[in-house]
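Visitor: Enclosed is the structure file model-v9.txt (compact mmCIF, C-alpha atoms).
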```
# COMPACT_ATOMS: atom_id res chain seq x y z
CA MET A 22 115.09 99.90 121.12
CA ASN A 23 115.43 96.26 120.21
CA VAL A 24 118.07 96.10 117.49
CA THR A 25 117.81 92.66 115.93
CA SER A 26 120.56 92.69 113.34
CA GLU A 27 123.69 94.58 112.36
CA LEU A 28 125.04 94.42 108.81
CA ASP A 29 127.85 96.20 107.03
CA ASP A 30 127.38 99.93 106.58
CA GLU A 31 125.41 99.72 103.36
CA PRO A 32 122.63 102.13 102.39
CA VAL A 33 119.07 100.87 102.11
CA ALA A 34 118.56 99.33 98.70
CA GLU A 35 116.03 97.10 96.99
CA LYS A 36 117.06 93.48 96.94
CA PRO A 37 117.57 92.05 93.46
CA GLY A 38 114.31 91.18 91.75
CA GLN A 39 112.16 92.94 94.35
CA LYS A 40 109.46 95.44 93.46
CA ALA A 41 110.12 98.99 94.70
CA LEU A 42 108.61 99.56 98.13
CA ASP A 43 106.39 102.53 98.89
CA PRO A 44 108.19 104.49 101.64
CA ARG A 45 104.85 105.83 102.84
CA ARG A 46 103.91 102.38 104.15
CA ASN A 47 107.25 100.66 104.56
CA ALA A 48 109.70 101.78 107.22
CA PHE A 49 113.12 102.06 105.63
CA ARG A 50 115.80 104.73 105.40
CA ASP A 51 119.41 104.85 104.29
CA ASP A 52 120.56 103.90 107.78
CA LEU A 53 117.71 101.83 109.22
CA ALA A 54 114.79 99.57 108.30
CA ALA A 55 112.00 97.68 110.03
CA ASN A 56 112.77 94.05 110.71
CA ASN A 57 109.51 92.94 109.09
CA ILE A 58 110.80 94.00 105.65
CA ARG A 59 114.36 92.72 106.01
CA ASN A 60 113.73 90.32 103.13
CA LEU A 61 112.76 93.22 100.88
CA VAL A 62 115.44 95.84 101.53
CA GLN A 63 119.09 95.95 102.46
CA ALA A 64 120.01 98.21 105.36
CA PRO A 65 122.86 98.68 107.85
CA ARG A 66 120.45 97.99 110.74
CA TYR A 67 117.08 96.36 111.26
CA VAL A 68 114.90 96.92 114.33
CA ASP A 69 111.68 95.39 115.57
CA GLY A 70 110.47 98.64 117.07
CA ASP A 71 108.49 99.30 120.25
CA TRP A 72 104.80 99.99 120.84
CA ALA A 73 103.74 103.51 121.82
CA GLN A 74 100.46 105.40 122.03
CA VAL A 75 99.41 108.91 121.04
CA THR A 76 98.52 111.01 124.09
CA HIS A 77 97.82 114.34 122.36
CA ALA A 78 94.39 115.09 120.92
CA SER A 79 96.02 114.84 117.51
CA THR A 80 99.55 115.10 116.28
CA PRO A 81 100.98 115.72 112.80
CA VAL A 82 102.94 112.97 111.09
CA ARG A 83 105.71 114.72 109.19
CA ARG A 84 107.86 113.63 106.28
CA ARG A 85 111.07 114.64 108.01
CA PRO A 86 112.06 115.25 111.65
CA GLU A 87 111.73 119.01 111.29
CA PRO A 88 109.01 121.33 112.63
CA ASP A 89 108.36 122.84 109.22
CA ALA A 90 108.50 119.57 107.24
CA PRO A 91 105.39 118.65 105.21
CA VAL A 92 102.54 117.03 107.15
CA ASP A 93 101.36 113.85 105.43
CA THR A 94 98.67 112.78 107.92
CA GLU A 95 97.57 113.05 111.54
CA ALA A 96 97.56 110.50 114.34
CA LEU A 97 94.67 110.80 116.79
CA PHE A 98 94.46 110.33 120.54
CA GLY A 99 94.77 106.67 121.48
CA GLU A 100 96.31 105.51 118.22
CA VAL A 101 99.01 102.88 118.59
CA VAL A 102 102.25 103.21 116.65
CA VAL A 103 105.47 101.27 116.27
CA VAL A 104 108.50 103.39 117.15
CA TYR A 105 111.70 102.49 115.28
CA GLU A 106 113.89 105.32 116.53
CA VAL A 107 113.79 108.32 118.85
CA ALA A 108 116.35 111.07 118.25
CA ASN A 109 116.48 114.79 118.98
CA GLY A 110 112.90 114.85 120.21
CA TRP A 111 111.45 113.09 117.18
CA ALA A 112 110.10 109.55 116.92
CA TRP A 113 110.25 107.72 113.60
CA VAL A 114 107.06 105.66 113.62
CA GLN A 115 104.66 103.51 111.67
CA LEU A 116 100.94 103.85 112.41
CA VAL A 117 99.19 100.59 113.21
CA ARG A 118 95.96 101.94 111.67
CA ASP A 119 97.13 102.23 108.07
CA SER A 120 100.89 101.49 108.17
CA TYR A 121 101.79 105.09 107.34
CA VAL A 122 105.40 106.00 108.17
CA GLY A 123 106.63 109.37 109.38
CA TYR A 124 107.93 111.49 112.21
CA ILE A 125 106.01 112.49 115.34
CA ARG A 126 107.21 114.66 118.19
CA ALA A 127 108.25 112.20 120.89
CA GLU A 128 106.41 114.21 123.54
CA ALA A 129 103.10 113.24 121.89
CA LEU A 130 103.71 109.54 122.63
CA SER A 131 103.65 107.32 125.70
CA ALA A 132 105.51 104.02 125.99
CA HIS A 133 102.67 102.78 128.21
CA VAL A 134 100.03 101.38 125.85
CA GLU A 135 96.45 100.79 126.91
CA TRP A 136 94.64 99.10 124.04
CA PRO A 137 91.42 101.04 123.43
CA THR A 138 88.02 99.68 124.41
CA HIS A 139 85.98 102.64 123.16
CA LYS A 140 86.11 105.48 120.65
CA VAL A 141 84.51 108.83 119.86
CA ARG A 142 81.46 108.32 117.64
CA SER A 143 80.38 111.98 117.43
CA LEU A 144 82.14 114.50 115.23
CA GLY A 145 83.96 115.68 118.32
CA THR A 146 83.74 115.73 122.12
CA PHE A 147 85.48 117.06 125.21
CA VAL A 148 87.35 115.29 127.97
CA TYR A 149 86.33 116.96 131.23
CA ALA A 150 88.32 117.13 134.45
CA ASP A 151 85.31 116.04 136.50
CA ARG A 152 81.98 114.33 136.02
CA ASP A 153 80.36 117.64 135.16
CA ILE A 154 80.01 119.43 131.81
CA LYS A 155 80.75 122.70 133.60
CA SER A 156 84.13 121.43 134.76
CA GLN A 157 87.36 122.35 133.01
CA PRO A 158 87.74 120.74 129.57
CA LEU A 159 91.08 118.96 129.41
CA MET A 160 91.11 118.12 125.74
CA HIS A 161 88.98 118.06 122.60
CA LEU A 162 88.84 114.71 120.81
CA SER A 163 87.68 114.13 117.25
CA LEU A 164 85.75 111.32 115.62
CA ASN A 165 87.54 107.92 115.83
CA SER A 166 89.82 108.98 118.68
CA SER A 167 90.10 105.97 120.97
CA PHE A 168 90.70 105.20 124.65
CA SER A 169 90.25 102.67 127.41
CA VAL A 170 87.22 103.14 129.66
CA ALA A 171 87.39 102.36 133.39
CA GLU A 172 83.67 102.75 134.07
CA MET A 173 80.61 104.04 132.27
CA ASP A 174 77.00 104.92 132.99
CA GLY A 175 74.23 106.71 131.15
CA GLN A 176 75.84 110.12 131.59
CA PHE A 177 79.62 109.82 131.62
CA CYS A 178 82.45 107.40 131.02
CA ARG A 179 85.70 107.65 132.95
CA LEU A 180 88.91 107.08 131.03
CA THR A 181 91.60 104.88 132.56
CA THR A 182 94.03 107.72 131.85
CA GLY A 183 91.81 110.22 133.68
CA GLY A 184 89.01 112.54 132.67
CA TYR A 185 85.37 112.10 131.70
CA ILE A 186 83.53 112.03 128.37
CA VAL A 187 79.78 112.30 127.83
CA SER A 188 78.60 108.72 127.30
CA ARG A 189 76.37 109.48 124.32
CA HIS A 190 79.47 110.54 122.37
CA VAL A 191 81.17 107.18 122.93
CA ALA A 192 80.89 103.74 121.32
CA GLU A 193 82.72 100.45 121.71
CA VAL A 194 85.63 100.13 119.32
CA GLU A 195 83.87 97.39 117.34
CA SER A 196 80.61 99.34 117.00
CA TYR A 197 80.32 100.96 113.59
CA ALA A 198 78.24 103.56 111.79
CA ARG A 199 75.86 102.11 109.20
CA ASP A 200 76.44 104.73 106.49
CA PHE A 201 79.90 106.12 105.77
CA VAL A 202 78.41 108.78 103.50
CA GLU A 203 76.32 110.14 106.38
CA VAL A 204 79.50 110.26 108.48
CA ALA A 205 81.29 112.22 105.76
CA GLU A 206 78.35 114.64 105.51
CA ARG A 207 78.87 115.63 109.14
CA PHE A 208 82.12 117.31 108.05
CA ILE A 209 80.43 119.78 105.69
CA GLY A 210 81.92 123.20 106.38
CA THR A 211 85.10 121.83 107.94
CA PRO A 212 88.13 123.82 106.73
CA TYR A 213 90.40 122.16 104.20
CA LEU A 214 93.74 121.18 105.73
CA TRP A 215 96.42 119.22 103.91
CA GLY A 216 97.10 116.08 105.95
CA GLY A 217 94.17 116.74 108.29
CA ARG A 218 91.86 114.05 109.71
CA THR A 219 89.67 115.98 112.18
CA ARG A 220 86.82 118.47 112.22
CA VAL A 221 89.39 121.18 112.85
CA GLY A 222 90.72 120.53 109.33
CA ILE A 223 90.65 117.69 106.83
CA ASP A 224 91.74 116.88 103.29
CA CYS A 225 90.03 114.89 100.55
CA SER A 226 91.50 111.46 101.21
CA GLY A 227 91.43 112.06 104.96
CA LEU A 228 87.67 112.59 104.71
CA VAL A 229 87.24 109.29 102.85
CA GLN A 230 89.48 107.41 105.27
CA VAL A 231 87.89 108.80 108.45
CA ALA A 232 84.33 108.20 107.22
CA LEU A 233 85.08 104.64 106.15
CA GLU A 234 86.92 103.93 109.39
CA ALA A 235 83.86 105.04 111.38
CA ALA A 236 81.85 102.50 109.37
CA GLY A 237 84.33 99.71 110.07
CA ILE A 238 86.01 99.74 106.68
CA SER A 239 89.80 99.94 106.55
CA ALA A 240 91.10 102.39 103.99
CA PRO A 241 94.60 103.54 103.07
CA ARG A 242 95.54 107.17 103.63
CA ASP A 243 96.23 108.74 100.24
CA SER A 244 93.94 109.09 97.24
CA ASP A 245 96.17 107.08 94.89
CA MET A 246 96.18 104.20 97.39
CA GLN A 247 92.41 104.45 97.77
CA ARG A 248 91.97 104.42 94.00
CA ASP A 249 94.06 101.27 93.70
CA GLU A 250 92.73 99.38 96.71
CA LEU A 251 89.10 100.30 97.43
CA GLY A 252 86.05 98.83 95.73
CA THR A 253 85.64 97.80 92.11
CA ASP A 254 85.95 99.87 88.96
CA VAL A 255 82.88 101.52 87.46
CA GLU A 256 82.97 102.63 83.84
CA ILE A 257 83.19 106.40 83.63
CA PRO A 258 79.99 107.48 81.81
CA ASP A 259 80.29 110.32 79.33
CA ASP A 260 77.03 111.81 80.61
CA LEU A 261 77.85 111.11 84.27
CA GLU A 262 74.54 109.24 84.60
CA GLY A 263 73.87 105.98 86.46
CA LEU A 264 76.21 106.61 89.39
CA MET A 265 75.27 105.74 92.97
CA ARG A 266 75.46 107.02 96.53
CA GLY A 267 78.83 106.09 97.99
CA ASP A 268 80.68 105.91 94.66
CA LEU A 269 84.19 107.34 94.98
CA ILE A 270 85.21 109.72 92.19
CA PHE A 271 88.93 110.06 91.54
CA TRP A 272 90.96 112.69 89.79
CA ASP A 273 94.73 112.84 89.74
CA GLY A 274 95.49 113.64 93.40
CA HIS A 275 91.88 114.12 94.47
CA VAL A 276 88.86 112.10 95.59
CA GLY A 277 85.23 112.84 96.37
CA ILE A 278 82.17 110.91 97.55
CA LEU A 279 78.81 110.88 95.77
CA ILE A 280 75.91 111.46 98.16
CA ASP A 281 73.44 110.59 95.39
CA GLY A 282 73.62 110.20 91.64
CA ILE A 283 74.63 113.81 91.05
CA MET A 284 75.88 115.58 94.19
CA LEU A 285 79.56 115.33 95.15
CA LEU A 286 80.87 115.75 98.68
CA HIS A 287 84.58 116.51 99.00
CA ALA A 288 87.21 118.42 100.92
CA ASN A 289 88.82 120.65 98.34
CA ALA A 290 91.31 123.46 98.05
CA HIS A 291 89.07 125.48 95.71
CA HIS A 292 86.49 126.16 98.42
CA MET A 293 89.06 125.49 101.20
CA ALA A 294 86.39 123.46 102.96
CA VAL A 295 84.31 120.30 102.82
CA THR A 296 81.54 121.21 100.40
CA VAL A 297 78.76 119.73 98.26
CA GLU A 298 78.40 120.60 94.60
CA THR A 299 77.09 118.89 91.51
CA LEU A 300 79.44 116.40 89.91
CA PRO A 301 79.27 118.18 86.52
CA GLU A 302 80.34 121.43 88.20
CA ALA A 303 83.30 119.74 89.83
CA VAL A 304 84.26 117.91 86.63
CA GLU A 305 84.22 121.15 84.64
CA ARG A 306 86.22 123.15 87.18
CA ILE A 307 88.82 120.46 87.90
CA GLY A 308 89.04 119.67 84.20
CA LYS A 309 90.15 123.24 83.52
CA SER A 310 93.27 122.47 85.54
CA GLY A 311 94.00 119.57 83.19
CA SER A 312 92.65 116.69 85.25
CA PRO A 313 89.70 114.60 84.06
CA ILE A 314 88.09 111.88 86.16
CA ILE A 315 90.54 108.96 86.12
CA ALA A 316 88.52 106.36 88.04
CA ILE A 317 85.21 105.66 89.73
CA LYS A 318 85.18 102.99 92.44
CA ARG A 319 82.15 101.29 93.96
CA LEU A 320 82.29 99.66 97.36
CA PRO A 321 80.62 96.28 97.98
CA ALA A 322 76.84 96.08 98.18
CA GLY A 323 75.56 97.16 101.57
CA VAL A 324 78.39 99.63 102.13
CA LYS A 325 77.01 103.14 101.76
```
Show the structure stored in the file as structure tokens.

Guide:
Amino acid sequence: MNVTSELDDEPVAEKPGQKALDPRRNAFRDDLAANNIRNLVQAPRYVDGDWAQVTHASTPVRRRPEPDAPVDTEALFGEVVVVYEVANGWAWVQLVRDSYVGYIRAEALSAHVEWPTHKVRSLGTFVYADRDIKSQPLMHLSLNSSFSVAEMDGQFCRLTTGGYIVSRHVAEVESYARDFVEVAERFIGTPYLWGGRTRVGIDCSGLVQVALEAAGISAPRDSDMQRDELGTDVEIPDDLEGLMRGDLIFWDGHVGILIDGIMLLHANAHHMAVTVETLPEAVERIGKSGSPIIAIKRLPAGVK
């Protein structure tokens, strides 16, 4: 690890006059901070960090370096991270994709980084041992997983790290889906999983982020970040009329996607799955728990 500065043994603290930093997207602890925020926090040590790449199909990003700590998100195969510390089998990392900070098992990472050339464009696919769909599957990869391709033809592509994927399930990293709502609809029936970002399990903001990512639109991870940073505000109509496909509907701690003026698509803990229901139904049910709609956001024209 490249340690760039040593200060007195002071805990991390905000510098005078600085706005509080969100620890979800800024790497700082009582004993250590990322060098790129040294002007924003005080810490005993600052480090630049080292590149690493996820080699597991997916891996949980946990809040603490403990196997039963809460999972805040998932990192997918091929994702690049910055590693600030490795200790006791855990890597403290920041995801390049959305700047999320957390702990990943070190065994899920490789210090050898191959910047991806292609990605999975289907909801999921298999990596096969040989150029044959009857050969042993080595791994299942979900939508947006990424990798470097050594060669490709009309049937298979060969990964530089080994294994074969059916070519029709693959796209170049800068090739994007035209309709993020259609991407989200592919997840209907997927089980609800807090922190999930795959067809094995996904949560409400994970669904929004993954679908937008497939369409080439960067989105933050959590629903409060998405509410603050995506699109423009739409007035919340009392009769819920006049809304559009692709509008994002926000409650406190929850988000859904309109697939037309009335039908809401969302991963939710009530159904424990990605489901479609009418917006009035969702508003009534969620309202009974004390949460009305708090925002509606509309993405730029042409983004659906």

Visitor: Which residues are close to range 184-187 of chain A, i.e. within 6 Å by all atoms listed in the file, leaving aside same-chain residues fewer than 3 positions away? Reply as a PDB file with C-alpha atoms, keeping the file's coordinate frame.

Guide:
```
ATOM      1  CA  VAL A 148      87.350 115.290 127.970  1.00  0.00           C
ATOM      2  CA  TYR A 149      86.330 116.960 131.230  1.00  0.00           C
ATOM      3  CA  ALA A 150      88.320 117.130 134.450  1.00  0.00           C
ATOM      4  CA  ARG A 152      81.980 114.330 136.020  1.00  0.00           C
ATOM      5  CA  GLN A 176      75.840 110.120 131.590  1.00  0.00           C
ATOM      6  CA  PHE A 177      79.620 109.820 131.620  1.00  0.00           C
ATOM      7  CA  CYS A 178      82.450 107.400 131.020  1.00  0.00           C
ATOM      8  CA  ARG A 179      85.700 107.650 132.950  1.00  0.00           C
ATOM      9  CA  LEU A 180      88.910 107.080 131.030  1.00  0.00           C
ATOM     10  CA  HIS A 190      79.470 110.540 122.370  1.00  0.00           C
TER      11      HIS A 190
END
```

Visitor: Between CA of Glu106 in chain A and CA of Trp136 in chain A, what is the distance in Å, rounded to a tenth?

Guide: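 Interatomic distance here is 21.6 Å.
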
Visitor: Just want the 12 Å neighbourhood of Ile307 in chain A, counted on all atoms listed in the file, with same-chain residues fewer than 4 positions away dropped. Output as a list in words.

Guide: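 Within the cut-off, the hits are Phe271, Trp272, Asp273, Gly274, His275, Val276, Gly277, Asn289, Ala290, His291, Leu300, Pro301, Glu302, Ala303, Gly311, Ser312, Pro313, Ile314 and Ile315 of chain A.
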
Visitor: Name all residues at most 10 Å from Gln74 in chain A (count all atoms listed in the file; drop same-chain ones fewer than 4 positions away) and give them as a list in words.

Guide: Ala96, Leu97, Phe98, Gly99, Glu100, Val101, Val102, Val103, Val104, Leu116, Ala129, Leu130, Ser131, Ala132, His133, Val134, Glu135 and Trp136 of chain A

Visitor: For Phe49 in chain A, please output as a VMD selection string all residues within 9 Å (counting all atoms listed in the file; exclusion window: fewer than 6 positions along the same chain).

Guide: chain A and resid 33 55 58 62 64 67

Visitor: Might you pull out every residue within 12 Å of Ile223 in chain A, with all atoms listed in the file counted and same-chain residues fewer than 5 positions away left off, and present them as JSON, numbers by chain?

Guide: {"A": [92, 93, 94, 95, 163, 164, 205, 208, 209, 210, 211, 212, 213, 214, 215, 216, 217, 218, 228, 229, 230, 231, 232, 287, 288, 289, 290, 293, 294, 295, 296]}

Visitor: Hey, which of A:Gln115, A:Ser196, A:Asn109, A:Ser79 ends up closest to Asn47 in chain A? Count all atoms listed in the file.

Guide: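 Closest candidate: A:Gln115.
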
Visitor: Enter the distance from CA of Phe168 in chain A to CA of Leu251 in chain A, in Å, rounded to one decimal.

Guide: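 So the two atoms, CA of Phe168 in chain A and CA of Leu251 in chain A, lie 27.7 Å apart.
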
Visitor: For CA of Leu264 in chain A and CA of Gly282 in chain A, quote the distance in Å rounded to one decimal.

Guide: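 CA of Gly282 in chain A lies 5.0 Å from CA of Leu264 in chain A.
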
Visitor: Between A:Ala108, A:Leu61, A:Leu159, A:Ile125, which one has atoms that come closest to Val75 in chain A, using all atoms listed in the file?

Guide: A:Ile125
